$ cat run-v6.cif   # mmCIF, C-alpha atoms and all ligand atoms
data_target
loop_
_atom_site.label_atom_id
_atom_site.label_comp_id
_atom_site.auth_asym_id
_atom_site.auth_seq_id
_atom_site.Cartn_x
_atom_site.Cartn_y
_atom_site.Cartn_z
CA MET P 976 -7.47 9.39 30.77
CA GLU P 977 -6.36 12.90 31.52
CA ASN P 978 -9.41 15.12 31.25
CA THR P 979 -7.26 18.17 31.61
CA GLU P 980 -5.68 17.57 28.22
CA LYS P 981 -6.81 19.48 25.23
CA LYS P 982 -9.35 17.55 23.19
CA THR P 983 -8.42 16.40 19.73
CA ILE P 984 -10.25 16.26 16.42
CA LEU P 985 -8.65 13.94 13.93
CA SER P 986 -9.29 12.63 10.47
CA GLY P 987 -7.44 10.82 7.72
CA ILE P 988 -7.48 11.47 4.02
CA GLN P 989 -6.31 8.92 1.47
CA PRO P 990 -4.01 10.27 -1.24
CA THR P 991 -5.63 8.00 -3.80
CA ASN P 992 -7.19 8.96 -7.09
CA ASN P 993 -8.79 12.30 -7.41
CA LEU P 994 -10.86 14.15 -4.88
CA THR P 995 -14.40 14.90 -6.00
CA LEU P 996 -17.03 17.53 -5.36
CA GLY P 997 -18.51 14.92 -3.00
CA ASN P 998 -15.31 14.92 -0.95
CA TYR P 999 -15.26 18.71 -0.95
CA ILE P 1000 -18.82 19.08 0.33
CA GLY P 1001 -18.87 15.99 2.56
CA ALA P 1002 -15.45 16.28 4.16
CA MET P 1003 -13.08 19.09 3.21
CA LYS P 1004 -15.55 21.93 3.74
CA ASN P 1005 -16.29 20.53 7.18
CA PHE P 1006 -12.64 20.39 8.16
CA VAL P 1007 -12.39 24.07 7.37
CA ASN P 1008 -15.59 24.93 9.26
CA MET P 1009 -14.37 22.99 12.27
CA GLN P 1010 -11.18 24.98 12.31
CA ASP P 1011 -13.19 27.93 13.53
CA LYS P 1012 -15.87 26.09 15.43
CA TYR P 1013 -13.48 24.04 17.56
CA GLN P 1014 -10.86 26.67 18.27
CA ASP P 1015 -9.61 25.17 21.51
CA TYR P 1016 -9.22 21.65 20.14
CA THR P 1017 -6.09 20.20 18.65
CA LYS P 1018 -6.86 19.36 15.03
CA ASN P 1019 -4.90 16.66 13.24
CA TYR P 1020 -5.50 16.02 9.55
CA ILE P 1021 -3.44 13.12 8.35
CA ILE P 1022 -2.68 12.24 4.76
CA VAL P 1023 -2.78 8.47 5.12
CA ASP P 1024 -0.22 7.30 2.58
CA LEU P 1025 0.31 3.93 4.27
CA HIS P 1026 -3.37 3.15 3.84
CA ALA P 1027 -3.02 3.93 0.15
CA LEU P 1028 -0.43 1.14 -0.18
CA THR P 1029 -3.07 -1.48 0.58
CA VAL P 1030 -4.13 -1.35 -3.07
CA PRO P 1031 -1.68 -1.32 -6.01
CA GLN P 1032 -0.12 2.12 -6.64
CA VAL P 1033 2.23 3.62 -9.20
CA PRO P 1034 4.96 5.01 -6.88
CA SER P 1035 5.56 8.28 -8.71
CA GLU P 1036 1.82 8.93 -8.92
CA LEU P 1037 1.28 8.20 -5.24
CA ARG P 1038 3.97 10.70 -4.32
CA GLU P 1039 2.53 13.37 -6.61
CA ARG P 1040 -0.98 12.78 -5.33
CA THR P 1041 0.20 13.15 -1.75
CA TYR P 1042 1.43 16.63 -2.61
CA SER P 1043 -1.68 17.36 -4.63
CA MET P 1044 -3.88 16.40 -1.72
CA LEU P 1045 -1.96 18.70 0.60
CA ALA P 1046 -2.19 21.52 -1.94
CA LEU P 1047 -5.94 21.02 -2.22
CA TYR P 1048 -6.45 21.11 1.52
CA LEU P 1049 -4.46 24.31 1.79
CA ALA P 1050 -6.38 25.71 -1.18
CA VAL P 1051 -9.78 25.11 0.42
CA GLY P 1052 -8.65 26.89 3.56
CA LEU P 1053 -7.02 24.52 5.99
CA ASP P 1054 -4.56 26.67 7.84
CA PRO P 1055 -1.30 25.09 9.06
CA GLU P 1056 -1.27 27.62 11.89
CA LYS P 1057 -4.53 26.21 13.21
CA SER P 1058 -4.46 22.57 12.14
CA ASN P 1059 -1.67 20.01 12.07
CA ILE P 1060 -1.46 18.64 8.56
CA PHE P 1061 1.01 15.81 8.16
CA VAL P 1062 1.77 12.57 6.39
CA GLN P 1063 1.10 9.31 8.23
CA SER P 1064 4.41 7.66 7.27
CA HIS P 1065 6.36 10.60 8.74
CA ILE P 1066 5.39 9.56 12.26
CA THR P 1067 6.60 6.01 12.78
CA GLY P 1068 4.37 5.56 15.83
CA HIS P 1069 1.40 4.76 13.56
CA THR P 1070 2.85 1.45 12.42
CA GLU P 1071 4.33 0.68 15.82
CA LEU P 1072 1.02 1.12 17.58
CA THR P 1073 -0.66 -0.88 14.83
CA TRP P 1074 1.43 -3.89 15.81
CA ILE P 1075 0.28 -3.74 19.41
CA LEU P 1076 -3.34 -3.25 18.36
CA ASN P 1077 -3.07 -6.19 15.93
CA THR P 1078 -2.55 -8.41 18.94
CA LEU P 1079 -5.86 -7.24 20.40
CA THR P 1080 -7.94 -7.52 17.23
CA GLY P 1081 -9.73 -10.69 16.18
CA MET P 1082 -9.51 -12.11 12.67
CA GLY P 1083 -13.28 -12.45 12.82
CA GLN P 1084 -13.71 -8.74 13.59
CA LEU P 1085 -11.70 -7.80 10.49
CA ASN P 1086 -13.44 -10.40 8.36
CA ARG P 1087 -16.73 -8.64 8.98
CA MET P 1088 -15.60 -5.28 7.58
CA THR P 1089 -17.70 -4.53 4.51
CA GLN P 1090 -15.02 -2.36 2.90
CA TYR P 1091 -12.59 -5.27 3.14
CA LYS P 1092 -15.11 -7.62 1.61
CA ASP P 1093 -15.77 -5.24 -1.29
CA LYS P 1094 -12.14 -4.39 -1.93
CA SER P 1095 -10.84 -7.93 -1.64
CA ALA P 1096 -13.50 -9.11 -4.08
CA LYS P 1097 -12.16 -6.56 -6.57
CA GLU P 1098 -8.51 -7.49 -6.01
CA GLY P 1099 -9.02 -11.06 -7.20
CA THR P 1100 -6.75 -13.82 -5.93
CA PHE P 1101 -3.91 -11.91 -4.29
CA ILE P 1102 -5.27 -10.35 -1.14
CA ASN P 1103 -2.57 -8.67 0.88
CA VAL P 1104 -2.41 -8.63 4.67
CA GLY P 1105 -2.34 -4.83 4.63
CA LEU P 1106 -5.80 -4.67 3.10
CA PHE P 1107 -7.08 -6.97 5.81
CA ALA P 1108 -5.39 -5.04 8.63
CA TYR P 1109 -6.35 -1.62 7.19
CA PRO P 1110 -8.85 -0.83 9.98
CA VAL P 1111 -6.26 -1.55 12.67
CA LEU P 1112 -3.94 1.05 11.15
CA MET P 1113 -6.88 3.45 11.15
CA ALA P 1114 -7.47 2.70 14.85
CA ALA P 1115 -3.79 3.43 15.48
CA ASP P 1116 -4.09 6.78 13.64
CA ILE P 1117 -6.82 7.75 16.05
CA LEU P 1118 -5.55 6.26 19.29
CA LEU P 1119 -1.95 7.47 18.90
CA TYR P 1120 -3.28 10.98 19.53
CA ASN P 1121 -5.99 9.91 21.93
CA ALA P 1122 -8.41 11.70 19.64
CA ASN P 1123 -11.97 12.46 20.76
CA LEU P 1124 -13.90 13.52 17.68
CA ILE P 1125 -13.50 11.92 14.27
CA PRO P 1126 -15.15 13.56 11.26
CA ILE P 1127 -15.82 10.82 8.70
CA GLY P 1128 -18.18 9.91 5.90
CA ASP P 1129 -20.76 7.28 6.70
CA ASP P 1130 -18.82 4.63 4.77
CA GLN P 1131 -16.25 4.77 7.59
CA LYS P 1132 -18.69 4.21 10.46
CA GLN P 1133 -17.93 0.52 10.73
CA HIS P 1134 -14.19 1.18 10.91
CA LEU P 1135 -14.71 3.73 13.64
CA GLU P 1136 -16.82 1.25 15.62
CA LEU P 1137 -13.91 -1.15 15.41
CA SER P 1138 -11.50 1.54 16.65
CA ARG P 1139 -13.76 2.02 19.65
CA ASP P 1140 -13.85 -1.72 20.30
CA ILE P 1141 -10.07 -1.96 20.10
CA ALA P 1142 -9.66 1.00 22.47
CA GLU P 1143 -12.02 -0.63 24.94
CA LYS P 1144 -10.26 -3.94 24.65
CA PHE P 1145 -6.92 -2.28 25.44
CA ASN P 1146 -8.35 -0.34 28.38
CA TYR P 1147 -9.92 -3.50 29.75
CA THR P 1148 -6.92 -5.78 29.16
CA TYR P 1149 -4.34 -3.36 30.59
CA SER P 1150 -5.74 -0.25 32.22
CA PRO P 1151 -7.63 2.86 31.13
CA THR P 1152 -5.46 4.51 28.49
CA PHE P 1153 -7.47 5.52 25.47
CA ASN P 1154 -10.43 7.83 25.04
CA ILE P 1155 -13.27 6.17 23.19
CA PRO P 1156 -13.45 8.21 19.97
CA GLU P 1157 -16.74 9.49 18.57
CA ALA P 1158 -17.68 9.95 14.95
CA ILE P 1159 -18.89 13.26 13.57
CA ILE P 1160 -20.91 12.57 10.46
CA PRO P 1161 -22.14 15.63 8.61
CA LYS P 1162 -25.89 15.51 8.05
CA GLN P 1163 -26.64 17.51 4.97
CA GLY P 1164 -24.37 16.97 2.06
CA ALA P 1165 -22.75 13.94 3.66
CA ARG P 1166 -23.64 12.06 0.55
CA ILE P 1167 -23.31 13.80 -2.77
CA MET P 1168 -24.51 11.40 -5.40
CA ASP P 1169 -23.29 10.52 -8.88
CA LEU P 1170 -24.71 12.96 -11.45
CA GLN P 1171 -25.54 10.19 -13.92
CA HIS P 1172 -26.51 7.47 -11.42
CA PRO P 1173 -27.91 9.39 -8.47
CA GLU P 1174 -28.66 6.17 -6.62
CA ASN P 1175 -24.87 5.79 -6.11
CA LYS P 1176 -22.51 7.96 -4.14
CA MET P 1177 -20.30 10.28 -6.19
CA SER P 1178 -17.04 8.41 -6.02
CA LYS P 1179 -13.48 8.90 -7.13
CA SER P 1180 -13.43 5.31 -8.30
CA ALA P 1181 -16.79 5.42 -10.09
CA GLU P 1182 -17.00 3.86 -13.51
CA SER P 1183 -19.01 6.88 -14.60
CA PRO P 1184 -16.62 9.80 -15.25
CA LYS P 1185 -19.53 11.96 -16.46
CA GLY P 1186 -21.23 11.59 -13.11
CA THR P 1187 -18.21 12.58 -11.03
CA ILE P 1188 -16.80 16.08 -10.65
CA ILE P 1189 -13.06 15.99 -10.01
CA LEU P 1190 -11.78 19.02 -8.10
CA THR P 1191 -8.74 19.50 -10.29
CA GLU P 1192 -10.39 18.95 -13.68
CA ASP P 1193 -10.91 21.52 -16.44
CA LEU P 1194 -13.80 23.74 -15.38
CA ASN P 1195 -15.45 23.61 -18.81
CA ILE P 1196 -15.81 19.88 -18.27
CA THR P 1197 -17.24 20.53 -14.81
CA ALA P 1198 -19.90 22.83 -16.26
CA LYS P 1199 -20.84 20.28 -18.90
CA LYS P 1200 -21.23 17.54 -16.33
CA ILE P 1201 -23.67 19.63 -14.27
CA LYS P 1202 -25.66 20.59 -17.35
CA SER P 1203 -25.99 16.98 -18.43
CA ALA P 1204 -26.87 15.64 -14.97
CA VAL P 1205 -29.87 13.31 -15.01
CA THR P 1206 -33.18 14.67 -13.70
CA ASP P 1207 -36.72 13.34 -14.14
CA SER P 1208 -39.74 13.81 -16.32
CA ASP P 1209 -41.81 15.59 -13.71
CA MET P 1210 -40.11 18.95 -14.46
CA GLU P 1211 -40.49 20.32 -10.96
CA ILE P 1212 -37.57 21.72 -8.99
CA ARG P 1213 -38.73 20.19 -5.78
CA TYR P 1214 -36.92 18.16 -3.12
CA ASP P 1215 -38.58 14.87 -2.29
CA GLN P 1216 -36.51 12.30 -0.52
CA SER P 1217 -39.30 9.71 -0.50
CA ASN P 1218 -39.41 9.58 -4.29
CA PRO P 1219 -36.53 7.67 -5.94
CA GLU P 1220 -37.48 9.32 -9.27
CA LYS P 1221 -36.35 12.64 -7.78
CA ALA P 1222 -32.91 11.36 -6.70
CA GLY P 1223 -31.21 13.42 -9.42
CA ILE P 1224 -32.89 16.71 -8.59
CA ASN P 1225 -32.57 16.07 -4.84
CA ASN P 1226 -28.84 15.74 -5.34
CA LEU P 1227 -28.57 18.93 -7.42
CA LEU P 1228 -30.60 20.83 -4.81
CA THR P 1229 -28.29 19.53 -2.09
CA ILE P 1230 -25.23 20.71 -4.00
CA TYR P 1231 -26.83 24.12 -4.61
CA SER P 1232 -27.85 24.44 -1.00
CA THR P 1233 -24.51 23.48 0.56
CA LEU P 1234 -22.40 25.59 -1.79
CA THR P 1235 -24.53 28.71 -1.34
CA ASP P 1236 -25.56 28.12 2.31
CA THR P 1237 -29.20 28.51 1.29
CA GLU P 1238 -32.15 26.47 2.59
CA ILE P 1239 -33.55 24.11 0.00
CA SER P 1240 -37.03 25.62 0.46
CA GLU P 1241 -35.62 29.02 -0.56
CA ILE P 1242 -34.13 27.54 -3.71
CA GLU P 1243 -37.41 25.83 -4.57
CA LYS P 1244 -39.18 29.17 -4.26
CA LYS P 1245 -36.64 30.92 -6.44
CA TYR P 1246 -37.08 28.39 -9.25
CA VAL P 1247 -40.79 27.82 -8.97
CA ASN P 1248 -41.37 29.12 -12.51
CA SER P 1249 -38.15 27.84 -14.06
CA GLY P 1250 -37.25 24.71 -15.94
CA TYR P 1251 -34.42 22.28 -15.26
CA GLY P 1252 -32.28 23.94 -17.94
CA ASP P 1253 -32.16 27.32 -16.17
CA PHE P 1254 -31.64 25.73 -12.81
CA LYS P 1255 -28.75 23.62 -14.05
CA LYS P 1256 -27.18 26.58 -15.83
CA ASP P 1257 -27.17 28.57 -12.58
CA LEU P 1258 -25.88 25.60 -10.63
CA SER P 1259 -23.07 24.99 -13.08
CA GLU P 1260 -21.95 28.59 -12.56
CA ILE P 1261 -22.10 28.20 -8.79
CA VAL P 1262 -20.01 25.04 -8.89
CA VAL P 1263 -17.50 26.46 -11.36
CA GLU P 1264 -17.06 29.69 -9.39
CA THR P 1265 -16.63 27.73 -6.17
CA LEU P 1266 -13.98 25.51 -7.67
CA ARG P 1267 -12.09 28.09 -9.72
CA PRO P 1268 -10.13 29.74 -6.89
CA ILE P 1269 -9.48 26.35 -5.28
CA LYS P 1270 -8.09 24.92 -8.47
CA GLU P 1271 -5.95 27.98 -9.17
CA LYS P 1272 -4.47 27.92 -5.69
CA HIS P 1273 -3.88 24.18 -5.90
CA ASP P 1274 -2.05 24.44 -9.23
CA GLU P 1275 0.13 27.23 -7.91
CA LEU P 1276 0.99 25.47 -4.64
CA LEU P 1277 1.78 22.22 -6.40
CA LYS P 1278 4.64 23.93 -8.22
CA ASP P 1279 6.36 24.71 -4.93
CA LYS P 1280 7.31 21.35 -3.42
CA LYS P 1281 9.80 23.01 -1.06
CA TYR P 1282 7.00 24.97 0.55
CA LEU P 1283 4.79 21.88 0.75
CA ASP P 1284 7.62 19.86 2.34
CA GLN P 1285 8.02 22.62 4.88
CA ILE P 1286 4.33 22.45 5.83
CA LEU P 1287 4.58 18.68 6.27
CA LYS P 1288 7.71 19.00 8.34
CA GLN P 1289 6.06 21.48 10.65
CA GLY P 1290 2.90 19.39 10.92
CA ALA P 1291 4.88 16.30 11.91
CA ALA P 1292 7.01 18.26 14.36
CA ASN P 1293 3.87 19.55 16.08
CA VAL P 1294 2.52 16.08 16.84
CA GLN P 1295 5.70 14.05 17.26
CA SER P 1296 6.27 14.39 20.99
CA SER P 1297 2.71 13.62 22.08
CA ALA P 1298 2.69 10.55 19.80
CA TYR P 1299 5.90 9.19 21.26
CA LYS P 1300 4.73 9.87 24.77
CA LEU P 1301 1.60 7.86 24.18
CA LEU P 1302 3.48 5.05 22.48
CA SER P 1303 5.95 4.74 25.40
CA LYS P 1304 3.04 4.56 27.79
CA VAL P 1305 1.50 1.76 25.72
CA TYR P 1306 4.79 -0.14 25.49
CA LYS P 1307 5.15 0.04 29.24
CA LYS P 1308 1.59 -1.13 29.88
CA VAL P 1309 1.90 -4.19 27.66
CA GLY P 1310 5.15 -5.25 29.36
CA LEU P 1311 7.87 -4.22 26.96
CA VAL P 1312 11.18 -3.25 28.55
CA ALA P 1313 11.91 0.43 28.12
CA PRO P 1314 15.20 0.91 26.28
CA ALA P 1315 18.04 2.17 28.47
CA ARG P 1316 18.98 5.75 27.70
N1 LIG V 1401 -10.19 5.02 6.15
C1 LIG V 1401 -10.50 6.41 5.98
C2 LIG V 1401 -11.13 6.63 4.59
O1 LIG V 1401 -10.86 5.90 3.67
C3 LIG V 1401 -9.27 7.26 6.06
C4 LIG V 1401 -8.65 7.23 7.42
C5 LIG V 1401 -7.48 6.66 7.75
C6 LIG V 1401 -9.17 7.85 8.58
N2 LIG V 1401 -7.20 6.88 9.06
C7 LIG V 1401 -8.22 7.60 9.60
C8 LIG V 1401 -10.33 8.59 8.87
C9 LIG V 1401 -8.41 8.06 10.90
C10 LIG V 1401 -10.52 9.05 10.16
C11 LIG V 1401 -9.58 8.79 11.17
O2 LIG V 1401 -11.87 7.57 4.44
#

$ encode --input "run-v6.cif" --output "structure tokens" --more "lines below"
Ligand code: TRP
Amino acid sequence: MENTEKKTILSGIQPTNNLTLGNYIGAMKNFVNMQDKYQDYTKNYIIVDLHALTVPQVPSELRERTYSMLALYLAVGLDPEKSNIFVQSHITGHTELTWILNTLTGMGQLNRMTQYKDKSAKEGTFINVGLFAYPVLMAADILLYNANLIPIGDDQKQHLELSRDIAEKFNYTYSPTFNIPEAIIPKQGARIMDLQHPENKMSKSAESPKGTIILTEDLNITAKKIKSAVTDSDMEIRYDQSNPEKAGINNLLTIYSTLTDTEISEIEKKYVNSGYGDFKKDLSEIVVETLRPIKEKHDELLKDKKYLDQILKQGAANVQSSAYKLLSKVYKKVGLVAPAR
């Protein structure tokens, strides 16, 4: 474990479905903030296309969404000069390291993963091995770069725990090799809730399209969704986490607060004499004006696939040599014969 090496921040983003306002506030905005906050860290943001294959995909849509995801990340302010943005399948070391880590991971450990249990229940009778081994690939994503800090949503905590366990198992079985990665989970705004069912997380796969704001959707629709968000009968713009009745307004206050960088108490003061209608009207403008430039930039970038390919090529080139170095070290430690050169 070379302490002299530059520390690494790493996260993965699935190119599945559409990214939501929840993803923007809970994840994307943080990636951009970290770009400045952690200037002397290496930052790797990986579009995890191989993970996406663990559930059925339409090939042409998967490819388009991979580009769309990259365009969105560039549009929100990820800077390829400061962060390495690349596609998982472009660096073959991810799958190669996965194989080695598979041999150190117990079936029982994977059986306990709640995401696997949920997803396999939805898939019905055909449950593919990839879905089961998903967390091992995620561990490989992290360990291939010996990453230290992993920004994730709290739904990924269990997978990160497993990555730590696998790293420890390798270090113990062979010799110290991997850093034990730590999660960074954003506090406020980590969970933006569904606008219609505020007891559930806003999710790209939600059955409630009216409750979910998609980053690339028509902004008139976005405004309507905010204006028709559920609130409560108490008519007070007040944050109260202990009261499940206020889940809707708590969520709207959280969105307002994170997008404007204003304390919730300030917002409460501002709206002390207003009704929900005025508050939601203002909030819909805030959301729409936040998303407008992002959407415009995204749409423009998406037209230029050559440029996007170039960004991905550069991102992969930046990380390639360190990945292969680590993989060779691992191969050697487990007893594989190094190929003659
Ligand atoms: N499983 C993560 C998710 O669905 C995505 C992911 C893949 C990831 N590899 C990763 C996150 C490595 C952090 C680090 O959100």

$ closest_residue --input "run-v6.cif" --among "P:Ile1141, P:Gln989, P:Gln1131, P:Leu1266" --to "P:Leu1037" --atoms "all atoms listed in the file"
P:Gln989

$ residues_around --input "run-v6.cif" --residues "stretch 1172-1175 of chain P" --least-positions-apart "6" --cutoff "8 Å" --atoms "only C-alpha atoms" --output "ChimeraX atom specification"
/P:1186,1205,1222-1223,1226

$ residues_near_ligand --input "run-v6.cif" --ligand "ligand LIG 1401 (chain V)" --cutoff "6 Å" --atoms "all atoms listed in the file" --output "PyMOL selection string"
chain P and resi 985-989+1023+1113+1116-1117+1125+1127

$ closest_residue --input "run-v6.cif" --among "P:Arg1316, P:Arg1139, P:His1065, P:Lys1202" --to "P:Lys1256" --atoms "all atoms listed in the file"
P:Lys1202

$ residues_around --input "run-v6.cif" --residues "P:Pro1034" --least-positions-apart "5" --cutoff "12 Å" --atoms "all atoms listed in the file" --output "PyMOL selection string"
chain P and resi 990-991+1024+1027-1028+1039-1041

$ build_atoms --input "run-v6.cif" --residues "stretch 1247-1259 of chain P" --atoms "N, CA, C and O atoms" --output "short mmCIF file (atom, residue, chain, number, x, y, z; two decimals), keeping the file's coordinate frame"
data_model
loop_
_atom_site.label_atom_id
_atom_site.label_comp_id
_atom_site.auth_asym_id
_atom_site.auth_seq_id
_atom_site.Cartn_x
_atom_site.Cartn_y
_atom_site.Cartn_z
N VAL P 1247 -39.46 28.39 -8.83
CA VAL P 1247 -40.79 27.82 -8.97
C VAL P 1247 -41.31 27.92 -10.41
O VAL P 1247 -42.02 27.05 -10.89
N ASN P 1248 -40.91 28.97 -11.12
CA ASN P 1248 -41.37 29.12 -12.51
C ASN P 1248 -40.31 28.78 -13.55
O ASN P 1248 -40.45 29.13 -14.71
N SER P 1249 -39.23 28.12 -13.11
CA SER P 1249 -38.15 27.84 -14.06
C SER P 1249 -38.11 26.36 -14.43
O SER P 1249 -38.64 25.52 -13.71
N GLY P 1250 -37.44 26.09 -15.52
CA GLY P 1250 -37.25 24.71 -15.94
C GLY P 1250 -35.90 24.18 -15.45
O GLY P 1250 -35.08 24.94 -14.91
N TYR P 1251 -35.68 22.90 -15.69
CA TYR P 1251 -34.42 22.28 -15.26
C TYR P 1251 -33.22 22.92 -15.92
O TYR P 1251 -32.15 23.04 -15.33
N GLY P 1252 -33.40 23.35 -17.19
CA GLY P 1252 -32.28 23.94 -17.94
C GLY P 1252 -31.72 25.17 -17.24
O GLY P 1252 -30.51 25.29 -17.04
N ASP P 1253 -32.61 26.09 -16.85
CA ASP P 1253 -32.16 27.32 -16.17
C ASP P 1253 -31.52 27.01 -14.84
O ASP P 1253 -30.49 27.58 -14.47
N PHE P 1254 -32.15 26.10 -14.13
CA PHE P 1254 -31.64 25.73 -12.81
C PHE P 1254 -30.23 25.15 -12.94
O PHE P 1254 -29.31 25.54 -12.22
N LYS P 1255 -30.06 24.26 -13.91
CA LYS P 1255 -28.75 23.62 -14.05
C LYS P 1255 -27.69 24.62 -14.54
O LYS P 1255 -26.53 24.51 -14.17
N LYS P 1256 -28.13 25.57 -15.35
CA LYS P 1256 -27.18 26.58 -15.83
C LYS P 1256 -26.66 27.38 -14.63
O LYS P 1256 -25.47 27.60 -14.48
N ASP P 1257 -27.59 27.82 -13.77
CA ASP P 1257 -27.17 28.57 -12.58
C ASP P 1257 -26.27 27.71 -11.69
O ASP P 1257 -25.25 28.17 -11.19
N LEU P 1258 -26.67 26.47 -11.51
CA LEU P 1258 -25.88 25.60 -10.63
C LEU P 1258 -24.48 25.37 -11.20
O LEU P 1258 -23.50 25.37 -10.45
N SER P 1259 -24.40 25.23 -12.51
CA SER P 1259 -23.07 24.99 -13.08
C SER P 1259 -22.17 26.20 -12.82
O SER P 1259 -20.99 26.06 -12.53
#
